[in-house]
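Reviewing the structure listed below.
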Amino acid sequence: MNRPGRTSLLLLVLFSCVGCDQATKQLVRVCLPDPVTYSFWGDFVRLQHVQNHGAFLNLGATLPEPVRFAIFTIAIALVLAGLVAYAIRKPGIITIHVVAIALIAGGGAGNLIDRILFGGGVTDFLNIGIGPLRTGIFNLADVAIMAGAGLLLYRGRRGGGGIPGRR
């Protein structure tokens, strides 16, 4: 794939992820009161508005605020910029890797926007499971990140190399 096509695909997927993520989080902030949990499909899906000041499963939420800012805002912004630059500049990178990187960067950017706009917190609202076996509370940005990582792992297991840019 040539660089203009790769860049267009990357930006399309990235901005779609950010747009969907931010739209759903705005709906949650407006329509879902904090302490209320809504259950759907026999309690398979729960909607519950929480602000997560840590990473996955609230890890790092108890770190001092300057440390959380350095890790979850500055370091993540640098990693995301590096991923995007890599996907655009790497000669010979295959389409599935561009999409995977765009999903990871789009999800990361969606959560980064929350951290910048809402005092270091990320709006989470989805929880799925059966009975006591449940996920943590997450958002669409987290889904995009996991989908991107899953694509890289899938490609790697099929012999295509999980590392973007390698065949």
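Naming scheme: A, B, ... for chains in displayed order of the structure tokens; residues 1 onward per chain; ligands 1 onward as shown.
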
If you run DSSP over the backbone, which residues in segment 11-149 of chain A end up helix (DSSP H, G or I)? Put them as a ChimeraX atom specification.
/A:11-31,56-58,65-89,95-117,140-149

Output C-alpha atoms of each residue in that selection to a file, as a PDB file, in the first residue's frame.
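Listed below is the output, result-v3.pdb:
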```pdb
ATOM      1  CA  LEU A  11      -6.749   8.526   9.595  1.00  0.00           C
ATOM      2  CA  LEU A  12     -10.163   7.156   8.611  1.00  0.00           C
ATOM      3  CA  VAL A  13     -10.002   4.333  11.167  1.00  0.00           C
ATOM      4  CA  LEU A  14      -8.383   6.521  13.841  1.00  0.00           C
ATOM      5  CA  PHE A  15     -10.909   9.378  13.575  1.00  0.00           C
ATOM      6  CA  SER A  16     -13.816   6.924  13.379  1.00  0.00           C
ATOM      7  CA  CYS A  17     -12.667   5.319  16.634  1.00  0.00           C
ATOM      8  CA  VAL A  18     -12.235   8.658  18.377  1.00  0.00           C
ATOM      9  CA  GLY A  19     -15.584   9.952  17.102  1.00  0.00           C
ATOM     10  CA  CYS A  20     -17.580   6.892  18.161  1.00  0.00           C
ATOM     11  CA  ASP A  21     -15.804   6.731  21.509  1.00  0.00           C
ATOM     12  CA  GLN A  22     -16.329  10.406  22.328  1.00  0.00           C
ATOM     13  CA  ALA A  23     -19.979  10.334  21.182  1.00  0.00           C
ATOM     14  CA  THR A  24     -20.809   7.363  23.432  1.00  0.00           C
ATOM     15  CA  LYS A  25     -18.966   8.870  26.393  1.00  0.00           C
ATOM     16  CA  GLN A  26     -20.845  12.156  25.953  1.00  0.00           C
ATOM     17  CA  LEU A  27     -24.150  10.260  25.946  1.00  0.00           C
ATOM     18  CA  VAL A  28     -23.124   8.484  29.131  1.00  0.00           C
ATOM     19  CA  ARG A  29     -22.095  11.724  30.857  1.00  0.00           C
ATOM     20  CA  VAL A  30     -25.438  13.354  29.937  1.00  0.00           C
ATOM     21  CA  CYS A  31     -27.877  10.452  30.240  1.00  0.00           C
ATOM     22  CA  PHE A  56      -6.974  -0.919  32.647  1.00  0.00           C
ATOM     23  CA  LEU A  57      -9.069  -2.074  35.634  1.00  0.00           C
ATOM     24  CA  ASN A  58      -8.166   1.162  37.442  1.00  0.00           C
ATOM     25  CA  GLU A  65      -1.466  12.926  40.397  1.00  0.00           C
ATOM     26  CA  PRO A  66       1.819  14.190  38.847  1.00  0.00           C
ATOM     27  CA  VAL A  67       2.935  10.581  38.252  1.00  0.00           C
ATOM     28  CA  ARG A  68      -0.442   9.642  36.733  1.00  0.00           C
ATOM     29  CA  PHE A  69      -0.235  12.720  34.472  1.00  0.00           C
ATOM     30  CA  ALA A  70       3.298  11.818  33.348  1.00  0.00           C
ATOM     31  CA  ILE A  71       2.385   8.188  32.606  1.00  0.00           C
ATOM     32  CA  PHE A  72      -1.217   8.355  31.400  1.00  0.00           C
ATOM     33  CA  THR A  73      -1.077  11.649  29.525  1.00  0.00           C
ATOM     34  CA  ILE A  74       2.448  12.580  28.432  1.00  0.00           C
ATOM     35  CA  ALA A  75       3.898   9.090  27.912  1.00  0.00           C
ATOM     36  CA  ILE A  76       0.752   7.790  26.227  1.00  0.00           C
ATOM     37  CA  ALA A  77       0.633  10.815  23.888  1.00  0.00           C
ATOM     38  CA  LEU A  78       4.238  10.139  22.866  1.00  0.00           C
ATOM     39  CA  VAL A  79       3.578   6.437  22.288  1.00  0.00           C
ATOM     40  CA  LEU A  80       0.480   7.211  20.186  1.00  0.00           C
ATOM     41  CA  ALA A  81       2.393   9.745  18.091  1.00  0.00           C
ATOM     42  CA  GLY A  82       5.144   7.171  17.567  1.00  0.00           C
ATOM     43  CA  LEU A  83       2.654   4.505  16.494  1.00  0.00           C
ATOM     44  CA  VAL A  84       1.008   6.803  13.966  1.00  0.00           C
ATOM     45  CA  ALA A  85       4.364   7.963  12.583  1.00  0.00           C
ATOM     46  CA  TYR A  86       5.523   4.353  12.308  1.00  0.00           C
ATOM     47  CA  ALA A  87       2.386   3.277  10.430  1.00  0.00           C
ATOM     48  CA  ILE A  88       2.702   6.164   7.992  1.00  0.00           C
ATOM     49  CA  ARG A  89       6.449   6.001   7.400  1.00  0.00           C
ATOM     50  CA  THR A  95      -2.967  -3.176   5.425  1.00  0.00           C
ATOM     51  CA  ILE A  96      -3.995  -5.291   8.419  1.00  0.00           C
ATOM     52  CA  HIS A  97      -1.153  -3.775  10.450  1.00  0.00           C
ATOM     53  CA  VAL A  98      -2.193  -0.253   9.465  1.00  0.00           C
ATOM     54  CA  VAL A  99      -5.753  -0.995  10.614  1.00  0.00           C
ATOM     55  CA  ALA A 100      -4.509  -2.587  13.859  1.00  0.00           C
ATOM     56  CA  ILE A 101      -2.271   0.382  14.668  1.00  0.00           C
ATOM     57  CA  ALA A 102      -5.079   2.809  13.800  1.00  0.00           C
ATOM     58  CA  LEU A 103      -7.455   0.979  16.170  1.00  0.00           C
ATOM     59  CA  ILE A 104      -4.900   1.054  18.985  1.00  0.00           C
ATOM     60  CA  ALA A 105      -4.037   4.715  18.351  1.00  0.00           C
ATOM     61  CA  GLY A 106      -7.707   5.701  17.974  1.00  0.00           C
ATOM     62  CA  GLY A 107      -8.666   4.009  21.224  1.00  0.00           C
ATOM     63  CA  GLY A 108      -5.676   5.486  23.011  1.00  0.00           C
ATOM     64  CA  ALA A 109      -6.485   8.949  21.648  1.00  0.00           C
ATOM     65  CA  GLY A 110     -10.112   8.651  22.778  1.00  0.00           C
ATOM     66  CA  ASN A 111      -9.021   7.930  26.338  1.00  0.00           C
ATOM     67  CA  LEU A 112      -6.295  10.587  26.152  1.00  0.00           C
ATOM     68  CA  ILE A 113      -8.888  13.211  25.197  1.00  0.00           C
ATOM     69  CA  ASP A 114     -10.893  12.288  28.297  1.00  0.00           C
ATOM     70  CA  ARG A 115      -7.830  12.594  30.526  1.00  0.00           C
ATOM     71  CA  ILE A 116      -7.036  16.044  29.150  1.00  0.00           C
ATOM     72  CA  LEU A 117     -10.614  17.364  29.304  1.00  0.00           C
ATOM     73  CA  LEU A 140     -15.440   1.801  23.268  1.00  0.00           C
ATOM     74  CA  ALA A 141     -11.865   3.109  23.200  1.00  0.00           C
ATOM     75  CA  ASP A 142     -10.826   0.047  25.182  1.00  0.00           C
ATOM     76  CA  VAL A 143     -12.673  -2.170  22.680  1.00  0.00           C
ATOM     77  CA  ALA A 144     -10.761  -0.536  19.801  1.00  0.00           C
ATOM     78  CA  ILE A 145      -7.429  -1.036  21.580  1.00  0.00           C
ATOM     79  CA  MET A 146      -8.192  -4.712  22.217  1.00  0.00           C
ATOM     80  CA  ALA A 147      -9.412  -5.203  18.634  1.00  0.00           C
ATOM     81  CA  GLY A 148      -6.159  -3.725  17.308  1.00  0.00           C
ATOM     82  CA  ALA A 149      -4.064  -5.885  19.602  1.00  0.00           C
TER      83      ALA A 149
END
```

Using only C-alpha atoms, determine which residues lie at most 8 Å from segment 37-54 of chain A, disregarding the query and same-chain residues fewer than 3 positions distant; provide the list as an MDAnalysis selection string.
chainID A and resid 28:29 32:34 57:62 68 72 120:131 137

Pull the strand (DSSP E or B) assignments for chain A out of DSSP run on the backbone, and list those residues as a PDB file with all heavy atoms, in the first residue's frame.
```
ATOM      1  N   THR A  37     -27.021   1.687  37.879  1.00  0.00           N
ATOM      2  CA  THR A  37     -26.609   0.640  36.945  1.00  0.00           C
ATOM      3  C   THR A  37     -27.835   0.144  36.199  1.00  0.00           C
ATOM      4  O   THR A  37     -28.854  -0.168  36.806  1.00  0.00           O
ATOM      5  CB  THR A  37     -25.948  -0.538  37.693  1.00  0.00           C
ATOM      6  OG1 THR A  37     -24.814  -0.065  38.404  1.00  0.00           O
ATOM      7  CG2 THR A  37     -25.535  -1.638  36.735  1.00  0.00           C
ATOM      8  N   TYR A  38     -27.735   0.074  34.886  1.00  0.00           N
ATOM      9  CA  TYR A  38     -28.805  -0.452  34.046  1.00  0.00           C
ATOM     10  C   TYR A  38     -28.371  -1.806  33.511  1.00  0.00           C
ATOM     11  O   TYR A  38     -27.230  -1.967  33.078  1.00  0.00           O
ATOM     12  CB  TYR A  38     -29.099   0.494  32.876  1.00  0.00           C
ATOM     13  CG  TYR A  38     -29.633   1.828  33.326  1.00  0.00           C
ATOM     14  CD1 TYR A  38     -28.777   2.903  33.531  1.00  0.00           C
ATOM     15  CD2 TYR A  38     -30.993   2.002  33.554  1.00  0.00           C
ATOM     16  CE1 TYR A  38     -29.261   4.133  33.952  1.00  0.00           C
ATOM     17  CE2 TYR A  38     -31.491   3.229  33.972  1.00  0.00           C
ATOM     18  CZ  TYR A  38     -30.621   4.289  34.169  1.00  0.00           C
ATOM     19  OH  TYR A  38     -31.100   5.499  34.587  1.00  0.00           O
ATOM     20  N   SER A  39     -29.290  -2.759  33.530  1.00  0.00           N
ATOM     21  CA  SER A  39     -28.986  -4.121  33.114  1.00  0.00           C
ATOM     22  C   SER A  39     -29.812  -4.488  31.890  1.00  0.00           C
ATOM     23  O   SER A  39     -30.998  -4.155  31.805  1.00  0.00           O
ATOM     24  CB  SER A  39     -29.308  -5.070  34.270  1.00  0.00           C
ATOM     25  OG  SER A  39     -29.111  -6.396  33.885  1.00  0.00           O
ATOM     26  N   PHE A  40     -29.182  -5.199  30.933  1.00  0.00           N
ATOM     27  CA  PHE A  40     -29.838  -5.600  29.695  1.00  0.00           C
ATOM     28  C   PHE A  40     -29.519  -7.058  29.380  1.00  0.00           C
ATOM     29  O   PHE A  40     -28.473  -7.570  29.766  1.00  0.00           O
ATOM     30  CB  PHE A  40     -29.375  -4.727  28.522  1.00  0.00           C
ATOM     31  CG  PHE A  40     -29.650  -3.258  28.725  1.00  0.00           C
ATOM     32  CD1 PHE A  40     -28.670  -2.438  29.269  1.00  0.00           C
ATOM     33  CD2 PHE A  40     -30.885  -2.718  28.401  1.00  0.00           C
ATOM     34  CE1 PHE A  40     -28.915  -1.086  29.461  1.00  0.00           C
ATOM     35  CE2 PHE A  40     -31.143  -1.371  28.589  1.00  0.00           C
ATOM     36  CZ  PHE A  40     -30.150  -0.552  29.121  1.00  0.00           C
ATOM     37  N   VAL A  45     -25.252  -7.526  29.812  1.00  0.00           N
ATOM     38  CA  VAL A  45     -24.656  -6.203  29.625  1.00  0.00           C
ATOM     39  C   VAL A  45     -25.160  -5.271  30.717  1.00  0.00           C
ATOM     40  O   VAL A  45     -26.355  -5.198  30.989  1.00  0.00           O
ATOM     41  CB  VAL A  45     -25.018  -5.611  28.244  1.00  0.00           C
ATOM     42  CG1 VAL A  45     -24.491  -4.187  28.104  1.00  0.00           C
ATOM     43  CG2 VAL A  45     -24.492  -6.484  27.123  1.00  0.00           C
ATOM     44  N   ARG A  46     -24.240  -4.569  31.329  1.00  0.00           N
ATOM     45  CA  ARG A  46     -24.584  -3.535  32.307  1.00  0.00           C
ATOM     46  C   ARG A  46     -23.994  -2.209  31.849  1.00  0.00           C
ATOM     47  O   ARG A  46     -22.870  -2.153  31.351  1.00  0.00           O
ATOM     48  CB  ARG A  46     -24.006  -3.863  33.684  1.00  0.00           C
ATOM     49  CG  ARG A  46     -24.607  -5.040  34.365  1.00  0.00           C
ATOM     50  CD  ARG A  46     -23.962  -5.268  35.714  1.00  0.00           C
ATOM     51  NE  ARG A  46     -24.448  -6.496  36.316  1.00  0.00           N
ATOM     52  CZ  ARG A  46     -23.896  -7.048  37.392  1.00  0.00           C
ATOM     53  NH1 ARG A  46     -22.843  -6.473  37.972  1.00  0.00           N
ATOM     54  NH2 ARG A  46     -24.384  -8.165  37.877  1.00  0.00           N
ATOM     55  N   LEU A  47     -24.765  -1.157  32.036  1.00  0.00           N
ATOM     56  CA  LEU A  47     -24.280   0.207  31.807  1.00  0.00           C
ATOM     57  C   LEU A  47     -24.163   0.887  33.157  1.00  0.00           C
ATOM     58  O   LEU A  47     -25.138   0.936  33.915  1.00  0.00           O
ATOM     59  CB  LEU A  47     -25.235   0.991  30.909  1.00  0.00           C
ATOM     60  CG  LEU A  47     -25.434   0.469  29.494  1.00  0.00           C
ATOM     61  CD1 LEU A  47     -26.425   1.357  28.741  1.00  0.00           C
ATOM     62  CD2 LEU A  47     -24.117   0.408  28.744  1.00  0.00           C
ATOM     63  N   GLN A  48     -22.986   1.403  33.445  1.00  0.00           N
ATOM     64  CA  GLN A  48     -22.727   2.059  34.723  1.00  0.00           C
ATOM     65  C   GLN A  48     -21.659   3.122  34.493  1.00  0.00           C
ATOM     66  O   GLN A  48     -20.560   2.817  34.046  1.00  0.00           O
ATOM     67  CB  GLN A  48     -22.244   1.024  35.745  1.00  0.00           C
ATOM     68  CG  GLN A  48     -21.930   1.587  37.093  1.00  0.00           C
ATOM     69  CD  GLN A  48     -21.405   0.503  38.034  1.00  0.00           C
ATOM     70  OE1 GLN A  48     -21.272  -0.656  37.672  1.00  0.00           O
ATOM     71  NE2 GLN A  48     -21.100   0.911  39.242  1.00  0.00           N
ATOM     72  N   HIS A  49     -21.976   4.364  34.812  1.00  0.00           N
ATOM     73  CA  HIS A  49     -21.068   5.486  34.586  1.00  0.00           C
ATOM     74  C   HIS A  49     -20.052   5.568  35.726  1.00  0.00           C
ATOM     75  O   HIS A  49     -20.409   5.769  36.882  1.00  0.00           O
ATOM     76  CB  HIS A  49     -21.880   6.779  34.497  1.00  0.00           C
ATOM     77  CG  HIS A  49     -21.054   7.997  34.282  1.00  0.00           C
ATOM     78  ND1 HIS A  49     -21.590   9.253  34.352  1.00  0.00           N
ATOM     79  CD2 HIS A  49     -19.751   8.186  33.996  1.00  0.00           C
ATOM     80  CE1 HIS A  49     -20.660  10.149  34.122  1.00  0.00           C
ATOM     81  NE2 HIS A  49     -19.525   9.512  33.904  1.00  0.00           N
ATOM     82  N   VAL A  50     -18.763   5.436  35.376  1.00  0.00           N
ATOM     83  CA  VAL A  50     -17.688   5.627  36.344  1.00  0.00           C
ATOM     84  C   VAL A  50     -16.584   6.463  35.707  1.00  0.00           C
ATOM     85  O   VAL A  50     -16.425   6.477  34.490  1.00  0.00           O
ATOM     86  CB  VAL A  50     -17.095   4.288  36.863  1.00  0.00           C
ATOM     87  CG1 VAL A  50     -18.134   3.473  37.598  1.00  0.00           C
ATOM     88  CG2 VAL A  50     -16.482   3.477  35.754  1.00  0.00           C
ATOM     89  N   GLN A  51     -15.832   7.149  36.521  1.00  0.00           N
ATOM     90  CA  GLN A  51     -14.637   7.871  36.073  1.00  0.00           C
ATOM     91  C   GLN A  51     -13.433   7.075  36.550  1.00  0.00           C
ATOM     92  O   GLN A  51     -13.256   6.851  37.738  1.00  0.00           O
ATOM     93  CB  GLN A  51     -14.592   9.288  36.640  1.00  0.00           C
ATOM     94  CG  GLN A  51     -15.560  10.263  35.995  1.00  0.00           C
ATOM     95  CD  GLN A  51     -15.319  10.434  34.511  1.00  0.00           C
ATOM     96  OE1 GLN A  51     -16.158  10.067  33.717  1.00  0.00           O
ATOM     97  NE2 GLN A  51     -14.182  10.971  34.132  1.00  0.00           N
ATOM     98  N   ASN A  52     -12.616   6.645  35.615  1.00  0.00           N
ATOM     99  CA  ASN A  52     -11.441   5.837  35.906  1.00  0.00           C
ATOM    100  C   ASN A  52     -10.203   6.722  35.817  1.00  0.00           C
ATOM    101  O   ASN A  52      -9.882   7.233  34.749  1.00  0.00           O
ATOM    102  CB  ASN A  52     -11.374   4.688  34.893  1.00  0.00           C
ATOM    103  CG  ASN A  52     -10.167   3.800  35.066  1.00  0.00           C
ATOM    104  OD1 ASN A  52      -9.326   4.023  35.934  1.00  0.00           O
ATOM    105  ND2 ASN A  52     -10.073   2.787  34.228  1.00  0.00           N
ATOM    106  N   VAL A 122     -11.089   8.993  32.892  1.00  0.00           N
ATOM    107  CA  VAL A 122     -11.650   8.464  31.649  1.00  0.00           C
ATOM    108  C   VAL A 122     -13.055   7.957  31.959  1.00  0.00           C
ATOM    109  O   VAL A 122     -13.265   7.266  32.959  1.00  0.00           O
ATOM    110  CB  VAL A 122     -10.783   7.314  31.094  1.00  0.00           C
ATOM    111  CG1 VAL A 122     -11.455   6.618  29.934  1.00  0.00           C
ATOM    112  CG2 VAL A 122      -9.414   7.831  30.696  1.00  0.00           C
ATOM    113  N   THR A 123     -14.020   8.291  31.106  1.00  0.00           N
ATOM    114  CA  THR A 123     -15.388   7.822  31.289  1.00  0.00           C
ATOM    115  C   THR A 123     -15.498   6.380  30.821  1.00  0.00           C
ATOM    116  O   THR A 123     -15.268   6.076  29.656  1.00  0.00           O
ATOM    117  CB  THR A 123     -16.373   8.707  30.487  1.00  0.00           C
ATOM    118  OG1 THR A 123     -16.255  10.049  30.955  1.00  0.00           O
ATOM    119  CG2 THR A 123     -17.800   8.227  30.657  1.00  0.00           C
ATOM    120  N   ASP A 124     -15.835   5.493  31.756  1.00  0.00           N
ATOM    121  CA  ASP A 124     -16.082   4.083  31.455  1.00  0.00           C
ATOM    122  C   ASP A 124     -17.545   3.788  31.753  1.00  0.00           C
ATOM    123  O   ASP A 124     -18.152   4.417  32.621  1.00  0.00           O
ATOM    124  CB  ASP A 124     -15.195   3.179  32.314  1.00  0.00           C
ATOM    125  CG  ASP A 124     -13.741   3.168  31.861  1.00  0.00           C
ATOM    126  OD1 ASP A 124     -13.473   3.490  30.695  1.00  0.00           O
ATOM    127  OD2 ASP A 124     -12.883   2.807  32.688  1.00  0.00           O
ATOM    128  N   PHE A 125     -18.121   2.793  31.050  1.00  0.00           N
ATOM    129  CA  PHE A 125     -19.551   2.562  31.251  1.00  0.00           C
ATOM    130  C   PHE A 125     -20.048   1.169  30.883  1.00  0.00           C
ATOM    131  O   PHE A 125     -21.195   0.840  31.159  1.00  0.00           O
ATOM    132  CB  PHE A 125     -20.369   3.596  30.468  1.00  0.00           C
ATOM    133  CG  PHE A 125     -20.101   3.594  28.988  1.00  0.00           C
ATOM    134  CD1 PHE A 125     -20.859   2.827  28.125  1.00  0.00           C
ATOM    135  CD2 PHE A 125     -19.064   4.372  28.462  1.00  0.00           C
ATOM    136  CE1 PHE A 125     -20.605   2.835  26.761  1.00  0.00           C
ATOM    137  CE2 PHE A 125     -18.810   4.376  27.103  1.00  0.00           C
ATOM    138  CZ  PHE A 125     -19.580   3.609  26.250  1.00  0.00           C
ATOM    139  N   LEU A 126     -19.268   0.334  30.263  1.00  0.00           N
ATOM    140  CA  LEU A 126     -19.719  -0.985  29.833  1.00  0.00           C
ATOM    141  C   LEU A 126     -19.170  -2.076  30.735  1.00  0.00           C
ATOM    142  O   LEU A 126     -18.000  -2.052  31.126  1.00  0.00           O
ATOM    143  CB  LEU A 126     -19.248  -1.271  28.407  1.00  0.00           C
ATOM    144  CG  LEU A 126     -19.900  -0.485  27.290  1.00  0.00           C
ATOM    145  CD1 LEU A 126     -19.097  -0.634  26.000  1.00  0.00           C
ATOM    146  CD2 LEU A 126     -21.325  -0.946  27.080  1.00  0.00           C
ATOM    147  N   ASN A 127     -20.019  -3.053  31.039  1.00  0.00           N
ATOM    148  CA  ASN A 127     -19.610  -4.214  31.816  1.00  0.00           C
ATOM    149  C   ASN A 127     -20.379  -5.396  31.268  1.00  0.00           C
ATOM    150  O   ASN A 127     -21.594  -5.320  31.116  1.00  0.00           O
ATOM    151  CB  ASN A 127     -19.928  -3.972  33.298  1.00  0.00           C
ATOM    152  CG  ASN A 127     -19.611  -5.169  34.156  1.00  0.00           C
ATOM    153  OD1 ASN A 127     -20.412  -6.089  34.245  1.00  0.00           O
ATOM    154  ND2 ASN A 127     -18.469  -5.141  34.802  1.00  0.00           N
ATOM    155  N   ILE A 128     -19.688  -6.465  30.933  1.00  0.00           N
ATOM    156  CA  ILE A 128     -20.364  -7.652  30.414  1.00  0.00           C
ATOM    157  C   ILE A 128     -19.971  -8.874  31.234  1.00  0.00           C
ATOM    158  O   ILE A 128     -18.897  -8.910  31.846  1.00  0.00           O
ATOM    159  CB  ILE A 128     -20.076  -7.898  28.911  1.00  0.00           C
ATOM    160  CG1 ILE A 128     -18.587  -8.050  28.647  1.00  0.00           C
ATOM    161  CG2 ILE A 128     -20.662  -6.796  28.063  1.00  0.00           C
ATOM    162  CD1 ILE A 128     -18.255  -8.436  27.213  1.00  0.00           C
ATOM    163  N   GLY A 129     -20.857  -9.860  31.226  1.00  0.00           N
ATOM    164  CA  GLY A 129     -20.548 -11.084  31.942  1.00  0.00           C
ATOM    165  C   GLY A 129     -21.772 -11.921  32.202  1.00  0.00           C
ATOM    166  O   GLY A 129     -22.898 -11.551  31.875  1.00  0.00           O
ATOM    167  N   ILE A 130     -21.527 -13.053  32.822  1.00  0.00           N
ATOM    168  CA  ILE A 130     -22.581 -13.980  33.207  1.00  0.00           C
ATOM    169  C   ILE A 130     -22.415 -14.262  34.694  1.00  0.00           C
ATOM    170  O   ILE A 130     -21.355 -14.740  35.117  1.00  0.00           O
ATOM    171  CB  ILE A 130     -22.496 -15.284  32.390  1.00  0.00           C
ATOM    172  CG1 ILE A 130     -22.651 -14.972  30.895  1.00  0.00           C
ATOM    173  CG2 ILE A 130     -23.533 -16.288  32.858  1.00  0.00           C
ATOM    174  CD1 ILE A 130     -22.370 -16.141  29.980  1.00  0.00           C
ATOM    175  N   LEU A 133     -19.110 -13.911  36.943  1.00  0.00           N
ATOM    176  CA  LEU A 133     -17.983 -13.817  36.013  1.00  0.00           C
ATOM    177  C   LEU A 133     -18.200 -12.607  35.110  1.00  0.00           C
ATOM    178  O   LEU A 133     -18.972 -12.651  34.152  1.00  0.00           O
ATOM    179  CB  LEU A 133     -17.874 -15.106  35.186  1.00  0.00           C
ATOM    180  CG  LEU A 133     -16.682 -15.202  34.238  1.00  0.00           C
ATOM    181  CD1 LEU A 133     -15.373 -15.132  35.016  1.00  0.00           C
ATOM    182  CD2 LEU A 133     -16.760 -16.497  33.443  1.00  0.00           C
ATOM    183  N   ARG A 134     -17.533 -11.487  35.420  1.00  0.00           N
ATOM    184  CA  ARG A 134     -17.773 -10.225  34.732  1.00  0.00           C
ATOM    185  C   ARG A 134     -16.451  -9.555  34.371  1.00  0.00           C
ATOM    186  O   ARG A 134     -15.425  -9.782  34.997  1.00  0.00           O
ATOM    187  CB  ARG A 134     -18.585  -9.272  35.616  1.00  0.00           C
ATOM    188  CG  ARG A 134     -19.892  -9.888  36.116  1.00  0.00           C
ATOM    189  CD  ARG A 134     -20.939  -8.861  36.422  1.00  0.00           C
ATOM    190  NE  ARG A 134     -21.369  -8.128  35.270  1.00  0.00           N
ATOM    191  CZ  ARG A 134     -22.283  -8.550  34.394  1.00  0.00           C
ATOM    192  NH1 ARG A 134     -22.844  -9.720  34.533  1.00  0.00           N
ATOM    193  NH2 ARG A 134     -22.635  -7.807  33.373  1.00  0.00           N
ATOM    194  N   PHE A 138     -15.515  -0.762  31.167  1.00  0.00           N
ATOM    195  CA  PHE A 138     -14.673  -0.277  30.082  1.00  0.00           C
ATOM    196  C   PHE A 138     -15.474   0.618  29.150  1.00  0.00           C
ATOM    197  O   PHE A 138     -16.632   0.926  29.423  1.00  0.00           O
ATOM    198  CB  PHE A 138     -14.032  -1.453  29.325  1.00  0.00           C
ATOM    199  CG  PHE A 138     -15.026  -2.410  28.720  1.00  0.00           C
ATOM    200  CD1 PHE A 138     -15.401  -2.294  27.389  1.00  0.00           C
ATOM    201  CD2 PHE A 138     -15.580  -3.434  29.474  1.00  0.00           C
ATOM    202  CE1 PHE A 138     -16.308  -3.173  26.825  1.00  0.00           C
ATOM    203  CE2 PHE A 138     -16.493  -4.325  28.917  1.00  0.00           C
ATOM    204  CZ  PHE A 138     -16.858  -4.190  27.590  1.00  0.00           C
TER     205      PHE A 138
END
```
